[in-house]
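For reference, structure_34.pdb (PDB, C-alpha atoms):
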MODEL        1
ATOM      1  CA  MET A   1       0.000   0.000   0.000
ATOM      2  CA  THR A   2       3.001   2.262   0.161
ATOM      3  CA  GLN A   3       3.063   2.205  -3.629
ATOM      4  CA  ASP A   4       2.460   5.484  -5.378
ATOM      5  CA  ARG A   5      -0.687   5.885  -7.428
ATOM      6  CA  ILE A   6       0.926   5.917 -10.853
ATOM      7  CA  SER A   7       2.824   2.698 -10.216
ATOM      8  CA  GLN A   8      -0.395   1.205  -8.921
ATOM      9  CA  THR A   9      -2.206   2.254 -12.106
ATOM     10  CA  LEU A  10       0.481   0.735 -14.310
ATOM     11  CA  ALA A  11       0.407  -2.476 -12.318
ATOM     12  CA  ALA A  12      -3.379  -2.619 -12.591
ATOM     13  CA  ILE A  13      -3.392  -2.312 -16.382
ATOM     14  CA  ALA A  14      -0.499  -4.754 -16.797
ATOM     15  CA  HIS A  15      -2.967  -7.644 -17.065
ATOM     16  CA  PRO A  16      -4.833  -8.264 -20.355
ATOM     17  CA  ALA A  17      -8.047  -9.281 -18.607
ATOM     18  CA  ARG A  18      -8.123  -6.053 -16.634
ATOM     19  CA  ARG A  19      -7.526  -3.981 -19.756
ATOM     20  CA  ALA A  20     -10.350  -5.863 -21.463
ATOM     21  CA  ILE A  21     -12.616  -5.086 -18.518
ATOM     22  CA  LEU A  22     -11.734  -1.391 -18.702
ATOM     23  CA  MET A  23     -12.384  -1.390 -22.450
ATOM     24  CA  ARG A  24     -15.781  -2.965 -21.886
ATOM     25  CA  LEU A  25     -16.639  -0.389 -19.214
ATOM     26  CA  ARG A  26     -16.065   2.436 -21.686
ATOM     27  CA  GLN A  27     -19.446   1.493 -23.099
ATOM     28  CA  GLY A  28     -21.111   1.967 -19.756
ATOM     29  CA  GLU A  29     -21.711   0.372 -16.414
ATOM     30  CA  ALA A  30     -21.786  -3.394 -16.145
ATOM     31  CA  SER A  31     -22.353  -5.995 -13.470
ATOM     32  CA  VAL A  32     -19.833  -8.700 -12.612
ATOM     33  CA  LYS A  33     -21.973 -11.232 -14.426
ATOM     34  CA  GLU A  34     -22.145  -9.105 -17.559
ATOM     35  CA  LEU A  35     -18.389  -8.661 -17.483
ATOM     36  CA  ALA A  36     -17.724 -12.368 -17.005
ATOM     37  CA  GLU A  37     -19.792 -13.538 -19.976
ATOM     38  CA  PRO A  38     -17.881 -12.252 -23.031
ATOM     39  CA  PHE A  39     -14.509 -13.128 -21.551
ATOM     40  CA  GLU A  40     -15.461 -16.683 -20.663
ATOM     41  CA  MET A  41     -14.172 -16.109 -17.191
ATOM     42  CA  SER A  42     -15.687 -17.318 -13.975
ATOM     43  CA  VAL A  43     -17.397 -14.773 -11.773
ATOM     44  CA  PRO A  44     -14.813 -15.264  -8.998
ATOM     45  CA  ALA A  45     -11.974 -14.662 -11.495
ATOM     46  CA  VAL A  46     -13.587 -11.449 -12.711
ATOM     47  CA  SER A  47     -14.275 -10.382  -9.136
ATOM     48  CA  LYS A  48     -10.611 -10.754  -8.339
ATOM     49  CA  HIS A  49      -9.627  -8.495 -11.229
ATOM     50  CA  LEU A  50     -12.314  -6.002 -10.263
ATOM     51  CA  LYS A  51     -10.880  -5.848  -6.774
ATOM     52  CA  VAL A  52      -7.483  -4.880  -8.206
ATOM     53  CA  LEU A  53      -9.060  -2.243 -10.441
ATOM     54  CA  GLU A  54     -11.146  -0.891  -7.580
ATOM     55  CA  ASN A  55      -8.137  -0.691  -5.247
ATOM     56  CA  ALA A  56      -6.294   1.235  -7.959
ATOM     57  CA  GLY A  57      -9.223   3.631  -8.215
ATOM     58  CA  LEU A  58      -9.834   2.721 -11.859
ATOM     59  CA  ILE A  59     -13.399   1.611 -11.269
ATOM     60  CA  SER A  60     -16.108   2.304  -8.725
ATOM     61  CA  ARG A  61     -18.917  -0.008  -7.717
ATOM     62  CA  GLY A  62     -22.530   0.960  -7.286
ATOM     63  CA  ARG A  63     -24.394   0.636  -4.008
ATOM     64  CA  ASN A  64     -27.049  -1.699  -5.388
ATOM     65  CA  ALA A  65     -26.494  -4.715  -3.131
ATOM     66  CA  GLN A  66     -27.438  -7.255  -5.769
ATOM     67  CA  LEU A  67     -25.680  -6.057  -8.896
ATOM     68  CA  ARG A  68     -23.074  -3.576  -7.668
ATOM     69  CA  PRO A  69     -22.505  -2.288 -11.238
ATOM     70  CA  CYS A  70     -18.945  -1.304 -12.125
ATOM     71  CA  ARG A  71     -18.156   2.062 -13.580
ATOM     72  CA  LEU A  72     -14.948   3.297 -15.182
ATOM     73  CA  GLU A  73     -12.996   6.024 -13.346
ATOM     74  CA  PRO A  74     -10.544   7.409 -15.918
ATOM     75  CA  GLU A  75      -8.799   9.982 -13.709
ATOM     76  CA  PRO A  76      -5.887   7.761 -12.510
ATOM     77  CA  LEU A  77      -5.263   6.716 -16.120
ATOM     78  CA  ARG A  78      -4.966  10.313 -17.211
ATOM     79  CA  GLU A  79      -2.677  11.062 -14.307
ATOM     80  CA  ALA A  80      -0.395   8.146 -15.186
ATOM     81  CA  LEU A  81      -0.386   9.067 -18.864
ATOM     82  CA  ASP A  82       0.465  12.693 -18.079
ATOM     83  CA  TRP A  83       3.345  11.650 -15.877
ATOM     84  CA  LEU A  84       4.723   9.155 -18.391
ATOM     85  CA  GLN A  85       4.490  11.694 -21.185
ATOM     86  CA  GLU A  86       6.284  14.288 -19.120
ATOM     87  CA  PHE A  87       8.964  11.750 -18.263
ATOM     88  CA  ALA A  88       9.440  10.756 -21.914
ATOM     89  CA  GLU A  89       9.448  14.415 -22.920
ATOM     90  CA  PHE A  90      12.145  15.150 -20.345
ATOM     91  CA  TRP A  91      14.330  12.461 -21.874
ATOM     92  CA  ASN A  92      13.639  13.428 -25.457
ATOM     93  CA  VAL A  93      14.538  17.052 -24.836
ATOM     94  CA  SER A  94      17.629  16.106 -22.826
ATOM     95  CA  LEU A  95      18.817  13.728 -25.538
ATOM     96  CA  ASP A  96      18.343  16.436 -28.189
ATOM     97  CA  ARG A  97      20.604  18.624 -26.129
ATOM     98  CA  LEU A  98      23.080  15.785 -25.648
ATOM     99  CA  ASP A  99      23.167  15.331 -29.406
ATOM    100  CA  GLY A 100      24.173  18.989 -29.773
ATOM    101  CA  LEU A 101      26.769  18.702 -27.020
ATOM    102  CA  LEU A 102      28.352  15.641 -28.646
ATOM    103  CA  ASP A 103      28.658  17.515 -31.954
ATOM    104  CA  GLN A 104      30.261  20.393 -30.114
ATOM    105  CA  LEU A 105      32.698  18.148 -28.244
ATOM    106  CA  GLN A 106      33.726  16.402 -31.443
ATOM    107  CA  ALA A 107      34.131  19.657 -33.341
ATOM    108  CA  THR A 108      36.472  21.078 -30.708
ATOM    109  CA  ASP A 109      38.406  17.854 -30.439
ATOM    110  CA  ASN A 110      41.664  18.313 -32.349
ATOM    111  CA  THR A 111      42.192  14.646 -32.817
ATOM    112  CA  PRO A 112      39.077  13.397 -34.518
ATOM    113  CA  SER A 113      38.213   9.937 -33.282
ATOM    114  CA  ARG A 114      36.116   9.021 -36.330
TER     115      ARG A 114
ATOM    116  CA  MET B   1      -3.507 -14.818 -13.226
ATOM    117  CA  ASN B   2       0.104 -14.127 -14.060
ATOM    118  CA  PRO B   3       0.771 -10.517 -14.916
ATOM    119  CA  GLU B   4       2.287  -9.777 -18.279
ATOM    120  CA  PRO B   5       6.033  -9.846 -18.778
ATOM    121  CA  ILE B   6       8.379  -7.027 -18.029
ATOM    122  CA  ALA B   7       7.695  -5.127 -21.269
ATOM    123  CA  GLN B   8       4.270  -4.006 -20.117
ATOM    124  CA  ARG B   9       5.465  -1.964 -17.195
ATOM    125  CA  GLU B  10       8.459  -0.275 -18.637
ATOM    126  CA  LEU B  11       9.149   2.674 -20.810
ATOM    127  CA  VAL B  12      11.916   2.455 -23.393
ATOM    128  CA  LEU B  13      13.603   5.224 -25.341
ATOM    129  CA  ILE B  14      16.264   4.524 -27.952
ATOM    130  CA  ARG B  15      18.521   7.057 -29.618
ATOM    131  CA  ARG B  16      21.464   6.736 -31.973
ATOM    132  CA  PHE B  17      24.296   9.215 -31.546
ATOM    133  CA  GLN B  18      26.946   9.921 -34.158
ATOM    134  CA  ALA B  19      29.718   9.788 -31.609
ATOM    135  CA  PRO B  20      31.998   7.078 -30.250
ATOM    136  CA  ARG B  21      30.849   5.313 -27.111
ATOM    137  CA  ASP B  22      33.715   6.560 -24.940
ATOM    138  CA  LEU B  23      32.714  10.131 -25.637
ATOM    139  CA  VAL B  24      29.037   9.463 -24.956
ATOM    140  CA  TRP B  25      30.032   7.733 -21.726
ATOM    141  CA  ARG B  26      31.867  10.859 -20.625
ATOM    142  CA  THR B  27      28.712  12.940 -21.032
ATOM    143  CA  PHE B  28      27.015  10.670 -18.485
ATOM    144  CA  SER B  29      29.897  10.176 -16.077
ATOM    145  CA  GLU B  30      31.396  13.675 -15.886
ATOM    146  CA  PRO B  31      29.074  16.028 -13.989
ATOM    147  CA  GLU B  32      30.351  19.137 -15.789
ATOM    148  CA  LEU B  33      29.260  17.579 -19.092
ATOM    149  CA  LEU B  34      26.114  15.941 -17.709
ATOM    150  CA  GLU B  35      24.708  19.199 -16.380
ATOM    151  CA  GLN B  36      25.043  20.750 -19.830
ATOM    152  CA  TRP B  37      22.377  18.519 -21.329
ATOM    153  CA  TRP B  38      20.298  17.203 -18.434
ATOM    154  CA  GLY B  39      16.857  18.700 -17.981
ATOM    155  CA  PRO B  40      13.727  19.985 -19.686
ATOM    156  CA  GLU B  41      13.716  22.585 -22.450
ATOM    157  CA  ASN B  42      15.376  25.881 -21.477
ATOM    158  CA  PHE B  43      16.147  24.694 -17.964
ATOM    159  CA  THR B  44      19.635  25.027 -16.541
ATOM    160  CA  SER B  45      20.877  22.204 -14.355
ATOM    161  CA  THR B  46      23.362  22.405 -11.526
ATOM    162  CA  ILE B  47      24.779  19.228 -10.066
ATOM    163  CA  SER B  48      25.570  19.684  -6.389
ATOM    164  CA  LYS B  49      26.573  16.129  -5.607
ATOM    165  CA  PHE B  50      27.907  13.412  -7.878
ATOM    166  CA  GLU B  51      29.159  10.224  -6.286
ATOM    167  CA  PHE B  52      29.723   8.099  -9.358
ATOM    168  CA  ARG B  53      29.752   4.678  -7.723
ATOM    169  CA  VAL B  54      27.274   2.028  -6.652
ATOM    170  CA  ASP B  55      25.003   3.462  -3.906
ATOM    171  CA  GLY B  56      26.449   6.913  -4.596
ATOM    172  CA  GLU B  57      24.058   9.866  -4.727
ATOM    173  CA  TRP B  58      23.556  12.362  -7.463
ATOM    174  CA  HIS B  59      21.788  15.641  -6.694
ATOM    175  CA  VAL B  60      20.679  18.080  -9.326
ATOM    176  CA  THR B  61      18.801  21.363  -9.257
ATOM    177  CA  MET B  62      16.933  22.218 -12.437
ATOM    178  CA  ARG B  63      16.131  25.875 -12.836
ATOM    179  CA  ALA B  64      13.230  26.930 -15.033
ATOM    180  CA  PRO B  65      13.361  30.082 -17.195
ATOM    181  CA  ASP B  66      10.970  31.757 -14.712
ATOM    182  CA  GLY B  67      13.406  31.081 -11.873
ATOM    183  CA  THR B  68      11.553  28.268 -10.151
ATOM    184  CA  GLU B  69      13.751  25.374  -9.112
ATOM    185  CA  ARG B  70      13.318  21.658  -8.944
ATOM    186  CA  PHE B  71      15.680  19.700  -6.733
ATOM    187  CA  VAL B  72      15.984  15.984  -7.469
ATOM    188  CA  ARG B  73      18.095  13.261  -5.898
ATOM    189  CA  TYR B  74      19.036  10.037  -7.584
ATOM    190  CA  GLN B  75      21.029   7.026  -6.462
ATOM    191  CA  PHE B  76      23.283   4.847  -8.586
ATOM    192  CA  VAL B  77      22.411   1.173  -8.463
ATOM    193  CA  GLU B  78      24.983  -0.154 -10.894
ATOM    194  CA  ILE B  79      27.816   1.266 -12.968
ATOM    195  CA  ALA B  80      29.596  -0.748 -15.645
ATOM    196  CA  ALA B  81      31.895   1.486 -17.696
ATOM    197  CA  PRO B  82      31.543   2.214 -20.548
ATOM    198  CA  GLU B  83      28.243   0.537 -21.221
ATOM    199  CA  ARG B  84      25.720   0.623 -18.416
ATOM    200  CA  ILE B  85      24.419   2.900 -15.678
ATOM    201  CA  VAL B  86      21.481   1.969 -13.483
ATOM    202  CA  TYR B  87      19.948   4.514 -11.151
ATOM    203  CA  CYS B  88      16.730   5.314  -9.370
ATOM    204  CA  PRO B  89      15.161   8.475  -8.024
ATOM    205  CA  MET B  90      15.231   8.925  -4.258
ATOM    206  CA  ARG B  91      12.113   9.838  -2.341
ATOM    207  CA  PRO B  92      11.714  13.590  -1.875
ATOM    208  CA  PRO B  93      12.527  14.680   1.698
ATOM    209  CA  ASP B  94       8.898  15.707   2.294
ATOM    210  CA  ALA B  95       7.523  12.397   0.956
ATOM    211  CA  ILE B  96       5.599  11.607   4.121
ATOM    212  CA  LEU B  97       3.646  14.855   3.827
ATOM    213  CA  ARG B  98       2.657  14.331   0.228
ATOM    214  CA  ALA B  99      -0.480  12.532  -0.867
ATOM    215  CA  ASN B 100       0.625  11.899  -4.432
ATOM    216  CA  LEU B 101       4.158  10.670  -4.827
ATOM    217  CA  PRO B 102       5.917  10.426  -8.140
ATOM    218  CA  PRO B 103       6.246   6.770  -9.179
ATOM    219  CA  THR B 104       9.231   4.720  -8.175
ATOM    220  CA  TYR B 105      11.287   3.475 -11.060
ATOM    221  CA  VAL B 106      14.663   2.038 -11.948
ATOM    222  CA  ALA B 107      16.291   3.465 -15.059
ATOM    223  CA  THR B 108      18.832   1.410 -16.957
ATOM    224  CA  LEU B 109      20.949   3.338 -19.442
ATOM    225  CA  THR B 110      22.945   1.331 -21.941
ATOM    226  CA  LEU B 111      25.439   2.412 -24.580
ATOM    227  CA  GLU B 112      26.166   0.055 -27.454
ATOM    228  CA  PRO B 113      28.763   0.746 -30.126
ATOM    229  CA  THR B 114      27.780   0.155 -33.749
ATOM    230  CA  ASP B 115      30.093  -1.072 -36.527
ATOM    231  CA  SER B 116      30.104   2.392 -38.051
ATOM    232  CA  GLY B 117      31.387   3.971 -34.849
ATOM    233  CA  ASP B 118      28.066   5.375 -33.656
ATOM    234  CA  THR B 119      26.546   4.712 -30.277
ATOM    235  CA  VAL B 120      23.068   3.402 -29.600
ATOM    236  CA  PHE B 121      21.662   4.697 -26.349
ATOM    237  CA  THR B 122      18.780   2.965 -24.588
ATOM    238  CA  MET B 123      16.902   4.241 -21.558
ATOM    239  CA  ARG B 124      14.707   1.628 -19.955
ATOM    240  CA  ALA B 125      12.573   2.679 -17.004
ATOM    241  CA  GLU B 126      10.828   0.011 -14.961
ATOM    242  CA  PHE B 127       8.019   1.121 -12.723
ATOM    243  CA  GLY B 128       6.527   0.216  -9.371
ATOM    244  CA  SER B 129       6.893  -3.174  -7.795
ATOM    245  CA  LEU B 130       8.575  -4.339 -10.965
ATOM    246  CA  ALA B 131      11.238  -1.736 -10.430
ATOM    247  CA  GLU B 132      11.643  -2.819  -6.854
ATOM    248  CA  ARG B 133      12.147  -6.397  -7.880
ATOM    249  CA  ARG B 134      14.353  -5.318 -10.737
ATOM    250  CA  MET B 135      14.157  -8.431 -12.800
ATOM    251  CA  ALA B 136      17.003  -9.253 -15.118
ATOM    252  CA  SER B 137      16.696  -7.530 -18.453
ATOM    253  CA  THR B 138      15.424  -9.687 -21.282
ATOM    254  CA  GLY B 139      18.276  -8.483 -23.475
ATOM    255  CA  GLY B 140      18.135  -7.041 -26.972
ATOM    256  CA  PHE B 141      16.430  -3.839 -27.927
ATOM    257  CA  ALA B 142      12.754  -3.341 -27.511
ATOM    258  CA  VAL B 143      11.006  -1.930 -30.541
ATOM    259  CA  GLY B 144       9.092   1.306 -30.286
ATOM    260  CA  THR B 145       9.297   4.108 -27.846
ATOM    261  CA  SER B 146       6.973   3.354 -25.051
ATOM    262  CA  GLN B 147       4.630   0.478 -24.622
ATOM    263  CA  ALA B 148       3.327   1.885 -21.393
ATOM    264  CA  ILE B 149       2.370   5.154 -23.056
ATOM    265  CA  ASP B 150       0.938   3.474 -26.152
ATOM    266  CA  ARG B 151      -1.184   1.281 -23.990
ATOM    267  CA  LEU B 152      -2.529   4.129 -21.921
ATOM    268  CA  GLU B 153      -3.153   6.231 -24.970
ATOM    269  CA  ARG B 154      -5.163   3.494 -26.601
ATOM    270  CA  LEU B 155      -7.117   3.053 -23.435
ATOM    271  CA  LEU B 156      -7.814   6.769 -23.152
ATOM    272  CA  ALA B 157      -8.519   7.358 -26.820
ATOM    273  CA  THR B 158     -12.235   6.816 -26.611
ATOM    274  CA  LEU B 159     -12.983   7.658 -23.015
TER     275      LEU B 159
ENDMDL
END
Now, as a test, write the supplied structure out as structure tokens.
Amino acid sequence: MTQDRISQTLAAIAHPARRAILMRLRQGEASVKELAEPFEMSVPAVSKHLKVLENAGLISRGRNAQLRPCRLEPEPLREALDWLQEFAEFWNVSLDRLDGLLDQLQATDNTPSR
Amino acid sequence: MNPEPIAQRELVLIRRFQAPRDLVWRTFSEPELLEQWWGPENFTSTISKFEFRVDGEWHVTMRAPDGTERFVRYQFVEIAAPERIVYCPMRPPDAILRANLPPTYVATLTLEPTDSGDTVFTMRAEFGSLAERRMASTGGFAVGTSQAIDRLERLLATL
């Protein structure tokens, strides 16, 4: 539980079944039974995945005691995507600058190594 | 129930530099060169600590054009000259007070010489529990830039 939220999000979507569940929930709320059917998974197996998704804050469950419909909560996904994009951007910009620095270092080097 | 292999929770960037590996290595291992390229667009970086050894710390302050500063601490996990550096970010000092922490990751930087004398650079960041376990690399270069980002983007595309 000490894990940060973004790592938790990435871990949650690292399983194909959980991604499939999220994809299905884009179309709207669904009960555990409805989710289990198209994937040919048992209800307990789906419930286990839903627990992971719920703990990661990627879905919420309704109060209806019988059905407890699942609903997609996209906010953590956006947060993780934003962070990853910023991280990749940081590296891309830095490496552009490194490229320039390497040119500069080689140009000033009196004994060309290539 | 097994989670997917390592590739699903990592981010990979690959870049080819027209420079010999020894020179590229210097730009990572000499702080006065490293601070010249490290950081976001138009930021200036100042390295205040650089212990280039396993478990050594590396502190850098990145200064934005508007004057705001970002202080980051990293720790070296592995150093194998002139081909590999592994490091991870350290928790910010005020971590306990913060609700949303940046993710933990382990970054593996590799430099591979090509036949033509260029250098292929790879940055591989592993996130979360995967990073903590730090499984052995599968070897070889992953294709594409970022599976983690691609995956999220696809997921978000129609939300």
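What the PyMOL selection byres ((chain A and resi 34) around 12) picks from this file is Ile21, Arg24, Leu25, Gly28, Glu29, Ala30, Ser31, Val32, Lys33, Leu35, Ala36, Glu37, Pro38, Phe39, Glu40, Met41, Ser42, Val43, Val46, Ser47, Leu67, Arg68, Pro69 and Cys70 of chain A.
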Item to check | Shell of 12 Å around segment 16-26 of chain B, only C-alpha atoms, local chain residues under 4 positions omitted, as a VMD selection string | outcome: (chain A and resid 95 to 107 109 112 to 114) or (chain B and resid 30 to 35 37 52 79 to 85 109 to 123)
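The set of residues that the PyMOL selection byres ((chain B and resi 56) around 9) takes from this file is Phe50, Glu51, Phe52, Arg53, Val54, Asp55, Glu57, Trp58, Tyr74, Gln75, Phe76 and Val77 of chain B.
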Checklist entry - Mind listing as a ChimeraX atom specification which residues of chain A are within 10 Å of chain B, counting all atoms listed in the file? => result /A:2-17,19-20,22-23,25-27,45,48-49,72-74,77-78,80-103,105-106,113-114
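Here atom CA of Pro92 of chain B and atom CA of Ser48 of chain B stand 15.8 Å from one another.
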